[in-house]
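What follows is the content of final.cif, which has mmCIF, C-alpha atoms:
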data_structure
loop_
_atom_site.label_atom_id
_atom_site.label_comp_id
_atom_site.auth_asym_id
_atom_site.auth_seq_id
_atom_site.Cartn_x
_atom_site.Cartn_y
_atom_site.Cartn_z
CA MET A 916 0.00 0.00 0.00
CA ALA A 917 1.11 3.57 -0.65
CA LEU A 918 1.55 5.80 2.38
CA GLN A 919 -1.22 8.08 1.12
CA ASP A 920 -3.64 5.14 1.46
CA TRP A 921 -3.54 5.77 5.22
CA ILE A 922 -5.27 9.15 4.78
CA GLY A 923 -8.73 8.91 6.29
CA ARG A 924 -7.89 6.03 8.65
CA THR A 925 -9.46 6.51 12.08
CA GLU A 926 -8.99 5.28 15.64
CA THR A 927 -11.27 5.74 18.66
CA VAL A 928 -10.07 5.51 22.27
CA GLU A 929 -12.04 6.01 25.49
CA ASP A 930 -10.63 7.17 28.83
CA VAL A 931 -11.51 8.86 32.12
CA ILE A 932 -9.79 12.04 33.32
CA THR A 933 -8.47 10.85 36.70
CA ALA A 934 -6.68 12.74 39.45
CA THR A 935 -3.39 10.91 39.88
CA PRO A 936 -1.78 11.76 36.49
CA TYR A 937 -2.70 15.41 37.10
CA ALA A 938 -1.02 15.36 40.53
CA ALA A 939 2.02 13.52 39.16
CA LEU A 940 2.63 16.08 36.42
CA ALA A 941 2.14 18.89 38.92
CA ALA A 942 4.85 17.33 41.10
CA THR A 943 7.12 16.94 38.05
CA LEU A 944 6.71 20.65 37.28
CA ASP A 945 7.44 21.50 40.95
CA ARG A 946 3.85 22.51 41.64
CA ASP A 947 1.50 21.41 44.45
CA PRO A 948 1.06 17.63 44.00
CA ALA A 949 -2.29 17.39 45.79
CA ARG A 950 -4.79 15.24 43.93
CA PRO A 951 -7.44 17.58 42.50
CA ALA A 952 -11.13 17.29 43.32
CA ALA A 953 -13.68 16.11 40.77
CA GLY A 954 -14.63 18.93 38.45
CA THR A 955 -11.17 20.56 38.48
CA ALA A 956 -10.30 21.71 34.96
CA LEU A 957 -7.19 20.35 33.27
CA PRO A 958 -4.57 22.96 32.40
CA PRO A 959 -4.02 23.25 28.63
CA LEU A 960 -2.01 20.32 27.16
CA TRP A 961 -2.46 18.11 30.22
CA HIS A 962 -4.81 15.95 28.15
CA TRP A 963 -1.60 14.33 26.89
CA LEU A 964 -1.58 12.40 30.19
CA TYR A 965 -4.58 10.41 28.95
CA PHE A 966 -5.37 8.21 25.93
CA LEU A 967 -1.92 6.66 26.36
CA PRO A 968 -0.55 4.35 23.63
CA LEU A 969 -0.87 0.90 25.25
CA THR A 970 1.24 -1.04 22.78
CA ARG A 971 2.02 -4.62 23.82
CA ARG A 972 5.68 -5.33 24.60
CA SER A 973 5.90 -7.85 21.73
CA GLU A 974 4.79 -5.12 19.31
CA ILE A 975 7.47 -2.56 20.26
CA GLY A 976 10.13 -1.73 17.69
CA PRO A 977 13.87 -1.28 18.34
CA ASP A 978 13.50 2.45 19.04
CA GLY A 979 10.85 1.92 21.73
CA HIS A 980 7.93 3.04 19.53
CA ALA A 981 5.20 0.72 18.26
CA ARG A 982 6.33 -1.21 15.19
CA LEU A 983 5.48 0.24 11.80
CA GLY A 984 1.91 0.01 10.59
CA GLY A 985 -1.33 -0.01 12.54
CA PHE A 986 -3.03 3.34 12.84
CA LEU A 987 -0.01 5.37 11.71
CA PRO A 988 1.40 4.64 8.23
CA PRO A 989 4.45 2.32 7.98
CA VAL A 990 7.04 4.98 7.17
CA ASP A 991 10.38 3.26 6.58
CA LEU A 992 12.56 6.01 8.04
CA PRO A 993 14.37 5.57 11.37
CA ARG A 994 13.84 8.95 13.05
CA ARG A 995 10.38 9.95 14.25
CA MET A 996 9.80 13.29 15.94
CA TRP A 997 6.87 15.41 17.14
CA ALA A 998 7.14 18.42 14.80
CA GLY A 999 4.36 20.53 16.30
CA SER A 1000 0.68 20.87 17.08
CA GLN A 1001 -2.23 23.27 16.60
CA LEU A 1002 -4.91 23.11 19.30
CA ALA A 1003 -8.30 24.70 19.90
CA PHE A 1004 -9.72 24.51 23.43
CA HIS A 1005 -13.50 24.71 23.04
CA ALA A 1006 -14.56 23.69 26.57
CA PRO A 1007 -12.69 22.51 29.70
CA LEU A 1008 -11.84 18.87 30.33
CA CYS A 1009 -12.30 18.16 34.03
CA ILE A 1010 -11.32 15.56 36.59
CA GLY A 1011 -13.95 12.83 36.51
CA ASP A 1012 -14.96 13.34 32.87
CA ALA A 1013 -15.47 10.24 30.74
CA VAL A 1014 -14.06 11.14 27.34
CA THR A 1015 -13.61 9.74 23.85
CA ARG A 1016 -10.84 10.66 21.43
CA VAL A 1017 -11.45 10.16 17.73
CA SER A 1018 -8.26 10.35 15.67
CA ARG A 1019 -7.99 10.62 11.90
CA ILE A 1020 -5.03 10.66 9.52
CA GLU A 1021 -5.53 13.97 7.72
CA ASP A 1022 -2.52 14.02 5.41
CA VAL A 1023 0.68 12.19 4.50
CA THR A 1024 3.31 14.18 2.57
CA GLU A 1025 6.66 12.94 1.26
CA LYS A 1026 9.41 15.51 0.74
CA SER A 1027 13.17 15.79 0.34
CA GLY A 1028 15.24 18.17 2.45
CA ARG A 1029 18.85 18.92 3.34
CA SER A 1030 18.94 15.86 5.59
CA GLY A 1031 17.42 13.54 2.96
CA ALA A 1032 13.97 12.00 2.69
CA LEU A 1033 11.19 13.36 4.92
CA VAL A 1034 7.64 12.20 5.54
CA PHE A 1035 5.11 14.43 7.33
CA VAL A 1036 1.99 12.91 8.85
CA LYS A 1037 -0.81 15.14 10.15
CA VAL A 1038 -3.26 13.58 12.62
CA ARG A 1039 -6.46 15.20 13.86
CA HIS A 1040 -7.70 14.38 17.38
CA ASP A 1041 -11.16 15.37 18.60
CA ILE A 1042 -11.86 14.81 22.31
CA VAL A 1043 -15.53 14.64 23.25
CA ARG A 1044 -17.02 14.39 26.74
CA MET A 1045 -19.65 11.74 27.41
CA ARG A 1046 -23.18 12.65 26.32
CA GLU A 1047 -21.90 15.59 24.28
CA SER A 1048 -21.56 15.80 20.51
CA ALA A 1049 -19.26 18.78 20.00
CA PRO A 1050 -15.58 18.30 20.83
CA ALA A 1051 -14.14 19.92 23.94
CA LEU A 1052 -10.71 19.97 22.30
CA THR A 1053 -9.44 19.70 18.73
CA GLU A 1054 -5.78 19.02 18.03
CA PHE A 1055 -3.78 18.68 14.84
CA HIS A 1056 -0.58 16.76 15.54
CA ASP A 1057 2.34 16.94 13.08
CA ILE A 1058 4.76 14.01 13.01
CA VAL A 1059 7.95 14.02 10.93
CA TYR A 1060 9.95 10.97 9.91
CA ARG A 1061 13.49 11.45 8.63
CA GLU A 1062 16.61 9.57 7.62
CA ALA A 1063 19.43 8.73 10.01
CA PRO A 1064 22.15 11.41 10.16
CA ARG A 1065 24.85 11.12 7.54
CA PRO A 1066 28.41 10.79 8.90
CA GLY A 1067 30.10 14.17 9.00
CA ALA A 1068 26.98 16.05 7.96
CA ALA A 1069 26.83 19.59 9.32
CA PRO A 1070 23.85 20.41 11.55
CA PRO A 1071 21.30 22.86 10.15
CA PRO A 1072 22.09 26.51 10.92
CA ALA A 1073 20.71 27.81 14.19
CA GLN A 1074 17.94 30.40 14.21
CA PRO A 1075 18.38 33.04 16.94
CA ALA A 1076 15.59 33.24 19.50
CA PRO A 1077 13.74 36.56 19.95
CA ALA A 1078 15.40 39.10 22.22
CA ASP A 1079 12.27 40.88 23.49
CA THR A 1080 11.66 38.59 26.46
CA ALA A 1081 9.16 39.73 29.06
CA TRP A 1082 9.18 36.44 31.00
CA GLN A 1083 11.89 33.82 31.30
CA ARG A 1084 12.54 30.69 33.31
CA GLN A 1085 15.47 28.28 33.24
CA TRP A 1086 15.00 24.51 33.26
CA VAL A 1087 17.69 21.91 33.85
CA PRO A 1088 16.60 18.80 31.92
CA ASP A 1089 18.10 16.05 34.05
CA GLU A 1090 17.43 12.33 33.63
CA VAL A 1091 14.76 12.31 36.36
CA LEU A 1092 12.66 15.01 34.64
CA LEU A 1093 12.86 13.19 31.30
CA PHE A 1094 12.13 9.80 32.87
CA ARG A 1095 9.12 11.12 34.74
CA TYR A 1096 7.61 12.70 31.66
CA SER A 1097 8.23 9.54 29.61
CA ALA A 1098 6.53 7.51 32.34
CA LEU A 1099 3.57 9.88 32.65
CA THR A 1100 2.91 9.76 28.90
CA PHE A 1101 3.87 6.06 28.53
CA ASN A 1102 6.42 7.12 25.94
CA GLY A 1103 8.90 4.33 25.27
CA HIS A 1104 11.00 6.26 22.72
CA ARG A 1105 14.56 5.47 23.78
CA ILE A 1106 16.04 8.84 22.77
CA HIS A 1107 14.58 10.26 26.01
CA TYR A 1108 16.15 7.83 28.51
CA ASP A 1109 18.68 5.51 26.80
CA ARG A 1110 21.85 7.56 26.41
CA ARG A 1111 23.75 4.90 24.44
CA PHE A 1112 20.89 4.49 21.95
CA ALA A 1113 20.48 8.26 21.59
CA ALA A 1114 24.22 8.70 20.88
CA GLU A 1115 25.22 5.56 18.99
CA THR A 1116 22.06 4.83 16.99
CA GLU A 1117 20.40 8.23 16.56
CA GLY A 1118 23.59 10.34 16.59
CA TYR A 1119 22.44 12.81 19.25
CA PRO A 1120 24.85 14.50 21.71
CA GLY A 1121 22.65 13.60 24.70
CA LEU A 1122 19.17 12.59 25.75
CA VAL A 1123 16.49 14.46 23.79
CA VAL A 1124 14.05 16.62 25.75
CA HIS A 1125 10.47 15.78 24.72
CA GLY A 1126 8.95 18.41 22.44
CA PRO A 1127 5.55 18.07 24.17
CA LEU A 1128 7.24 18.58 27.54
CA VAL A 1129 8.78 21.85 26.37
CA ALA A 1130 5.43 22.92 24.86
CA THR A 1131 3.86 22.22 28.26
CA LEU A 1132 6.57 24.19 30.08
CA LEU A 1133 5.85 27.18 27.83
CA LEU A 1134 2.18 27.18 28.82
CA ASP A 1135 3.17 26.58 32.44
CA LEU A 1136 5.20 29.81 32.21
CA LEU A 1137 2.09 31.57 30.90
CA ARG A 1138 0.05 30.17 33.83
CA GLN A 1139 2.65 31.52 36.26
CA GLU A 1140 2.75 34.99 34.73
CA LEU A 1141 -0.98 35.31 33.90
CA PRO A 1142 -2.78 33.04 36.38
CA GLY A 1143 -6.25 34.07 35.20
CA ALA A 1144 -5.56 33.61 31.49
CA ASP A 1145 -8.02 31.44 29.56
CA VAL A 1146 -6.24 29.84 26.59
CA ALA A 1147 -8.49 29.44 23.57
CA ALA A 1148 -5.89 28.24 21.06
CA TYR A 1149 -2.25 27.21 21.06
CA ARG A 1150 0.18 26.27 18.34
CA PHE A 1151 3.83 25.34 18.49
CA ARG A 1152 6.52 24.33 16.05
CA ALA A 1153 9.69 22.41 16.87
CA VAL A 1154 12.71 24.16 15.35
CA ARG A 1155 15.73 22.55 17.01
CA PRO A 1156 16.05 19.72 19.57
CA LEU A 1157 17.05 20.34 23.18
CA PHE A 1158 19.28 17.93 25.08
CA ASP A 1159 20.02 17.10 28.69
CA THR A 1160 23.59 18.32 28.25
CA ALA A 1161 22.76 21.95 29.14
CA PRO A 1162 20.00 24.07 30.70
CA PHE A 1163 17.46 25.78 28.47
CA HIS A 1164 15.06 28.68 28.89
CA VAL A 1165 11.34 29.06 28.27
CA CYS A 1166 10.39 32.62 27.41
CA GLY A 1167 7.35 34.70 26.63
CA ALA A 1168 6.11 38.15 25.69
CA PRO A 1169 2.48 39.36 25.46
CA GLU A 1170 1.54 41.03 22.18
CA ALA A 1171 0.03 44.52 22.02
CA ASP A 1172 -3.46 43.20 21.15
CA GLY A 1173 -3.86 41.84 24.70
CA ARG A 1174 -5.01 38.42 23.44
CA THR A 1175 -1.88 36.94 21.89
CA VAL A 1176 1.20 35.70 23.75
CA HIS A 1177 4.38 34.76 21.92
CA LEU A 1178 6.21 31.91 23.65
CA TRP A 1179 9.49 30.25 22.78
CA ALA A 1180 12.23 28.00 24.11
CA LYS A 1181 15.92 28.60 23.49
CA ASP A 1182 19.02 26.54 24.15
CA GLN A 1183 22.13 27.60 26.05
CA THR A 1184 23.54 29.32 22.93
CA GLY A 1185 20.41 31.42 22.40
CA ALA A 1186 19.22 29.33 19.43
CA LEU A 1187 15.47 28.95 18.97
CA ALA A 1188 14.23 25.47 19.87
CA ILE A 1189 10.42 25.79 19.91
CA ASP A 1190 8.29 28.66 18.65
CA ALA A 1191 4.72 28.94 19.98
CA THR A 1192 1.71 31.23 20.11
CA ALA A 1193 -1.13 31.20 22.64
CA THR A 1194 -4.40 33.00 21.95
CA LEU A 1195 -6.47 34.04 24.96
CA ARG A 1196 -10.25 34.45 25.19
#
Please render this file's structure as structure tokens.
Amino acid sequence: MALQDWIGRTETVEDVITATPYAALAATLDRDPARPAAGTALPPLWHWLYFLPLTRRSEIGPDGHARLGGFLPPVDLPRRMWAGSQLAFHAPLCIGDAVTRVSRIEDVTEKSGRSGALVFVKVRHDIVRMRESAPALTEFHDIVYREAPRPGAAPPPAQPAPADTAWQRQWVPDEVLLFRYSALTFNGHRIHYDRRFAAETEGYPGLVVHGPLVATLLLDLLRQELPGADVAAYRFRAVRPLFDTAPFHVCGAPEADGRTVHLWAKDQTGALAIDATATLR
């Protein structure tokens, strides 16, 4: 089958928004780890703690992901990364909610770049609360597959991060932080916890910090600086990976319109790692 034959394929998963994952992520982010009461709204992006990929051990590939095929197309390229997401928050998801996520492959695009062959897969997720028809949350998830690094190939040029920072916080991505987030999201990808695999197989200089974790830290910065903000939409794009070899910063600056907040992450050299925008109600 051609990869484009996967367009339109769907998957439906049911779950319940329970308190313990919420409390565990709060502890991981150095917030109050008390288990929230029923009816407490999830902070934006914390839905990633639910609908976890429960792939059987016998069906795991050598990189820790599910083997090729199944819901996602069988892309025969060794590197798989979360390239970005675009989210619309229509209504809150709350502790105690029974929810259904309907996922659909929206597009599969094959390209060629400086690093070789690339395949982009766009997946739409709609999360609906029980006895409701309209989604509470809509997410478009961009996945990129790429070739292994070529020996001696120069890394892509760095893009400088913005200088007009209004807010900034440093994070030190140690092994415990990365392990905890992998465990909370049931993410078996070995680049986040297996240093030998990350270096010898994938060619990385250290453990890779999860893109969704950094996207979550950006919105956590927004929550700290604007505690009453109600996020209506959020989009982020991964520009450059971050590693556990050095601290990084999450930064933000409100726009003049009063509804838009520019958020970004930068590495220790000042290079842009993730670029994001939050739109407030």
Polymer residues at most 10 Å from region 1062-1064 of chain A, only C-alpha atoms, same-chain spacing of 5 or more positions, as a ChimeraX atom specification: /A:991-995,1030-1034,1069-1070,1116-1119
File of the preceding selection, C-alpha atoms, as a JSON list (two decimals), in the frame of the given file:
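Now in selection21.json:
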[["chain", "number", "residue", "atom", "x", "y", "z"],
["A", 991, "ASP", "CA", 10.38, 3.26, 6.58],
["A", 992, "LEU", "CA", 12.56, 6.01, 8.04],
["A", 993, "PRO", "CA", 14.37, 5.57, 11.37],
["A", 994, "ARG", "CA", 13.84, 8.95, 13.05],
["A", 995, "ARG", "CA", 10.38, 9.95, 14.25],
["A", 1030, "SER", "CA", 18.94, 15.86, 5.59],
["A", 1031, "GLY", "CA", 17.42, 13.54, 2.96],
["A", 1032, "ALA", "CA", 13.97, 12.00, 2.69],
["A", 1033, "LEU", "CA", 11.19, 13.36, 4.92],
["A", 1034, "VAL", "CA", 7.64, 12.20, 5.54],
["A", 1069, "ALA", "CA", 26.83, 19.59, 9.32],
["A", 1070, "PRO", "CA", 23.85, 20.41, 11.55],
["A", 1116, "THR", "CA", 22.06, 4.83, 16.99],
["A", 1117, "GLU", "CA", 20.40, 8.23, 16.56],
["A", 1118, "GLY", "CA", 23.59, 10.34, 16.59],
["A", 1119, "TYR", "CA", 22.44, 12.81, 19.25]]
Report as JSON lines the residues of region 996-1055 of chain A within 6 Å of region 950-965 of chain A, each with its shortest atom pair and distance in Å (one decimal), using all atoms listed in the file, ordered by chain and increasing residue number.
{"residue": "A:Pro1007", "atom": "CA", "partner": "A:Ala956", "partner_atom": "CA", "distance": 5.8}
{"residue": "A:Leu1008", "atom": "CA", "partner": "A:Ala956", "partner_atom": "CA", "distance": 5.6}
{"residue": "A:Cys1009", "atom": "CA", "partner": "A:Ala956", "partner_atom": "CA", "distance": 4.2}
{"residue": "A:Ile1010", "atom": "CA", "partner": "A:Ala953", "partner_atom": "CA", "distance": 4.8}
{"residue": "A:Gly1011", "atom": "CA", "partner": "A:Ala953", "partner_atom": "CA", "distance": 5.4}
For CA of Ala1114 (chain A) and CA of Pro977 (chain A), the interatomic separation in Å (one decimal):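 Computing it gives 14.6 Å between the two atoms.
Taken over the shown file, the PyMOL selection byres ((chain A and resi 1080) around 7) identifies Ala1078, Asp1079, Ala1081, Trp1082, Gln1083, Cys1166, Gly1167 and Ala1168 of chain A.
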Just the selected residues (C-alpha atoms), exported as an mmCIF file, in the frame of the given file, please.
data_model
loop_
_atom_site.group_PDB
_atom_site.id
_atom_site.type_symbol
_atom_site.label_atom_id
_atom_site.label_comp_id
_atom_site.auth_asym_id
_atom_site.auth_seq_id
_atom_site.Cartn_x
_atom_site.Cartn_y
_atom_site.Cartn_z
ATOM 1 C CA ALA A 1078 15.400 39.100 22.220
ATOM 2 C CA ASP A 1079 12.270 40.880 23.490
ATOM 3 C CA ALA A 1081 9.160 39.730 29.060
ATOM 4 C CA TRP A 1082 9.180 36.440 31.000
ATOM 5 C CA GLN A 1083 11.890 33.820 31.300
ATOM 6 C CA CYS A 1166 10.390 32.620 27.410
ATOM 7 C CA GLY A 1167 7.350 34.700 26.630
ATOM 8 C CA ALA A 1168 6.110 38.150 25.690
#
Any idea what's packed within 9 Å of Gly1121 (chain A), counting only C-alpha atoms, ignoring anything in its chain fewer than 3 positions away? Could you give it as a list in words?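 In the requested format, the answer is Ile1106, His1107, Arg1110, Arg1111, Ala1113, Ala1114, Gly1118, Leu1157, Phe1158, Asp1159 and Thr1160 of chain A.
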Could you pull the residues within 12 Å of Val1154 (chain A), counting only C-alpha atoms, minus those fewer than 3 positions along the same chain, as a PDB file with C-alpha atoms, in the frame of the given file?
ATOM      1  CA  MET A 996       9.800  13.290  15.940  1.00  0.00           C
ATOM      2  CA  TRP A 997       6.870  15.410  17.140  1.00  0.00           C
ATOM      3  CA  ALA A 998       7.140  18.420  14.800  1.00  0.00           C
ATOM      4  CA  GLY A 999       4.360  20.530  16.300  1.00  0.00           C
ATOM      5  CA  PRO A1071      21.300  22.860  10.150  1.00  0.00           C
ATOM      6  CA  PRO A1072      22.090  26.510  10.920  1.00  0.00           C
ATOM      7  CA  ALA A1073      20.710  27.810  14.190  1.00  0.00           C
ATOM      8  CA  GLN A1074      17.940  30.400  14.210  1.00  0.00           C
ATOM      9  CA  PRO A1075      18.380  33.040  16.940  1.00  0.00           C
ATOM     10  CA  ALA A1076      15.590  33.240  19.500  1.00  0.00           C
ATOM     11  CA  GLY A1126       8.950  18.410  22.440  1.00  0.00           C
ATOM     12  CA  VAL A1129       8.780  21.850  26.370  1.00  0.00           C
ATOM     13  CA  PHE A1151       3.830  25.340  18.490  1.00  0.00           C
ATOM     14  CA  LEU A1157      17.050  20.340  23.180  1.00  0.00           C
ATOM     15  CA  TRP A1179       9.490  30.250  22.780  1.00  0.00           C
ATOM     16  CA  ALA A1180      12.230  28.000  24.110  1.00  0.00           C
ATOM     17  CA  LYS A1181      15.920  28.600  23.490  1.00  0.00           C
ATOM     18  CA  ASP A1182      19.020  26.540  24.150  1.00  0.00           C
ATOM     19  CA  ALA A1186      19.220  29.330  19.430  1.00  0.00           C
ATOM     20  CA  LEU A1187      15.470  28.950  18.970  1.00  0.00           C
ATOM     21  CA  ALA A1188      14.230  25.470  19.870  1.00  0.00           C
ATOM     22  CA  ILE A1189      10.420  25.790  19.910  1.00  0.00           C
ATOM     23  CA  ASP A1190       8.290  28.660  18.650  1.00  0.00           C
ATOM     24  CA  ALA A1191       4.720  28.940  19.980  1.00  0.00           C
TER      25      ALA A1191
END
What does the distance between CA of Pro989 (chain A) and CA of Asp930 (chain A) come to in Å, to one decimal place?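 Between CA of Pro989 (chain A) and CA of Asp930 (chain A) the gap works out to 26.2 Å.
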Since I can't run it myself right now, could you work out what the PyMOL selection byres ((chain A and resi 923) around 12) selects here and report it as a ChimeraX atom specification? /A:918-922,924-926,986-988,1017-1023,1036-1039
Pick out the residues sitting within 10 Å of Leu1137 (chain A), and hand them over as a ChimeraX atom specification; count all atoms listed in the file, and ignore anything fewer than 5 positions along from it in its own chain. /A:1082,1131-1132,1142-1144,1146,1165-1169,1176-1178,1193
Could those selected residues go to a file with C-alpha atoms, as an mmCIF file, in the coordinates of the input?
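Writing the result to selection31.cif gives the following:
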data_model
loop_
_atom_site.group_PDB
_atom_site.id
_atom_site.type_symbol
_atom_site.label_atom_id
_atom_site.label_comp_id
_atom_site.auth_asym_id
_atom_site.auth_seq_id
_atom_site.Cartn_x
_atom_site.Cartn_y
_atom_site.Cartn_z
ATOM 1 C CA TRP A 1082 9.180 36.440 31.000
ATOM 2 C CA THR A 1131 3.860 22.220 28.260
ATOM 3 C CA LEU A 1132 6.570 24.190 30.080
ATOM 4 C CA PRO A 1142 -2.780 33.040 36.380
ATOM 5 C CA GLY A 1143 -6.250 34.070 35.200
ATOM 6 C CA ALA A 1144 -5.560 33.610 31.490
ATOM 7 C CA VAL A 1146 -6.240 29.840 26.590
ATOM 8 C CA VAL A 1165 11.340 29.060 28.270
ATOM 9 C CA CYS A 1166 10.390 32.620 27.410
ATOM 10 C CA GLY A 1167 7.350 34.700 26.630
ATOM 11 C CA ALA A 1168 6.110 38.150 25.690
ATOM 12 C CA PRO A 1169 2.480 39.360 25.460
ATOM 13 C CA VAL A 1176 1.200 35.700 23.750
ATOM 14 C CA HIS A 1177 4.380 34.760 21.920
ATOM 15 C CA LEU A 1178 6.210 31.910 23.650
ATOM 16 C CA ALA A 1193 -1.130 31.200 22.640
#
Excluding same-chain residues fewer than 2 positions from Arg1196 (chain A), what lies within 12 Å of it counting all atoms listed in the file, as a list in words? Ala1003, Phe1004, His1005, Ala1006, Gly1143, Ala1144, Asp1145, Val1146, Ala1147, Ala1148, Tyr1149, Asp1172, Gly1173, Arg1174, Thr1175, Val1176, Ala1193 and Thr1194 of chain A
Write a file of the just-selected residues containing C-alpha atoms, as a compact mmCIF listing (two decimals), in the coordinates of the input.
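Full text of result_26.txt as output:
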# COMPACT_ATOMS: atom_id res chain seq x y z
CA ALA A 1003 -8.30 24.70 19.90
CA PHE A 1004 -9.72 24.51 23.43
CA HIS A 1005 -13.50 24.71 23.04
CA ALA A 1006 -14.56 23.69 26.57
CA GLY A 1143 -6.25 34.07 35.20
CA ALA A 1144 -5.56 33.61 31.49
CA ASP A 1145 -8.02 31.44 29.56
CA VAL A 1146 -6.24 29.84 26.59
CA ALA A 1147 -8.49 29.44 23.57
CA ALA A 1148 -5.89 28.24 21.06
CA TYR A 1149 -2.25 27.21 21.06
CA ASP A 1172 -3.46 43.20 21.15
CA GLY A 1173 -3.86 41.84 24.70
CA ARG A 1174 -5.01 38.42 23.44
CA THR A 1175 -1.88 36.94 21.89
CA VAL A 1176 1.20 35.70 23.75
CA ALA A 1193 -1.13 31.20 22.64
CA THR A 1194 -4.40 33.00 21.95
Looking at A:Met916, A:Met1045, A:Ser973, A:Ala949, which one is nearest to Ile932 (chain A), with distances taken over all atoms listed in the file?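 Selected residue with least distance to Ile932 (chain A): A:Met1045.
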Rounded to one decimal in Å, what is the spacing between CA of Ala941 (chain A) and CA of Leu1134 (chain A)?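 Going from CA of Ala941 (chain A) over to CA of Leu1134 (chain A), I get 13.1 Å.
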Which residues would end up in the selection if the PyMOL selection byres ((chain A and resi 1102) around 12) were applied here, given that I need the answer as an MDAnalysis selection string? chainID A and resid 963:970 975 978:981 1093:1101 1103:1108 1125 1127:1128
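The shortest atom-to-atom distance to Arg946 (chain A), with only C-alpha atoms taken into account, belongs to A:Gln1139 out of A:Arg1061, A:His1040, A:Gln1139, A:Leu1052.
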With 6 Å added on each side, what axis-aligned box encloses every listed atom of region 1024-1039 of chain A? Give the centre and edge lengths in Å to one decimal, as AutoDock Vina command-line options.
--center_x 6.2 --center_y 15.5 --center_z 7.1 --size_x 37.4 --size_y 18.9 --size_z 25.5
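Among the candidates A:Asp1012, A:Arg1029, A:Thr1024, A:Ser1000, the residue lying nearest to Ala917 (chain A) is A:Thr1024 (atoms considered: all atoms listed in the file).
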Restricting to only C-alpha atoms, whichever of A:Pro936, A:Thr1015, A:Phe1035, A:Val1124 is closest to Ile1058 (chain A) is A:Phe1035
Incomplete region 1154-1158 of chain A filled out to all heavy atoms as a short mmCIF file (atom, residue, chain, number, x, y, z; two decimals), in the frame of the given file:
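Output saved as out_37.cif:
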data_model
loop_
_atom_site.label_atom_id
_atom_site.label_comp_id
_atom_site.auth_asym_id
_atom_site.auth_seq_id
_atom_site.Cartn_x
_atom_site.Cartn_y
_atom_site.Cartn_z
N VAL A 1154 11.71 23.60 16.26
CA VAL A 1154 12.71 24.16 15.35
C VAL A 1154 14.04 23.44 15.50
O VAL A 1154 14.72 23.15 14.50
CB VAL A 1154 12.90 25.67 15.63
CG1 VAL A 1154 13.98 26.27 14.74
CG2 VAL A 1154 11.58 26.41 15.45
N ARG A 1155 14.41 23.11 16.74
CA ARG A 1155 15.73 22.55 17.01
C ARG A 1155 15.62 21.73 18.30
O ARG A 1155 14.99 22.19 19.26
CB ARG A 1155 16.74 23.69 17.18
CG ARG A 1155 18.20 23.32 17.28
CD ARG A 1155 19.04 24.59 17.42
NE ARG A 1155 20.45 24.32 17.42
CZ ARG A 1155 21.19 24.23 16.32
NH1 ARG A 1155 20.63 24.40 15.14
NH2 ARG A 1155 22.49 23.99 16.39
N PRO A 1156 16.20 20.53 18.35
CA PRO A 1156 16.05 19.72 19.57
C PRO A 1156 16.85 20.30 20.74
O PRO A 1156 17.86 20.99 20.56
CB PRO A 1156 16.59 18.35 19.17
CG PRO A 1156 17.48 18.61 18.00
CD PRO A 1156 16.91 19.79 17.28
N LEU A 1157 16.35 20.02 21.93
CA LEU A 1157 17.05 20.34 23.18
C LEU A 1157 17.55 19.04 23.79
O LEU A 1157 16.90 17.98 23.66
CB LEU A 1157 16.11 21.05 24.15
CG LEU A 1157 15.63 22.44 23.72
CD1 LEU A 1157 14.47 22.89 24.58
CD2 LEU A 1157 16.78 23.45 23.80
N PHE A 1158 18.67 19.12 24.51
CA PHE A 1158 19.28 17.93 25.08
C PHE A 1158 19.55 18.13 26.57
O PHE A 1158 19.54 19.27 27.07
CB PHE A 1158 20.60 17.61 24.35
CG PHE A 1158 20.44 17.45 22.87
CD1 PHE A 1158 20.77 18.49 22.00
CD2 PHE A 1158 19.94 16.27 22.33
CE1 PHE A 1158 20.61 18.36 20.64
CE2 PHE A 1158 19.77 16.14 20.97
CZ PHE A 1158 20.11 17.18 20.11
#
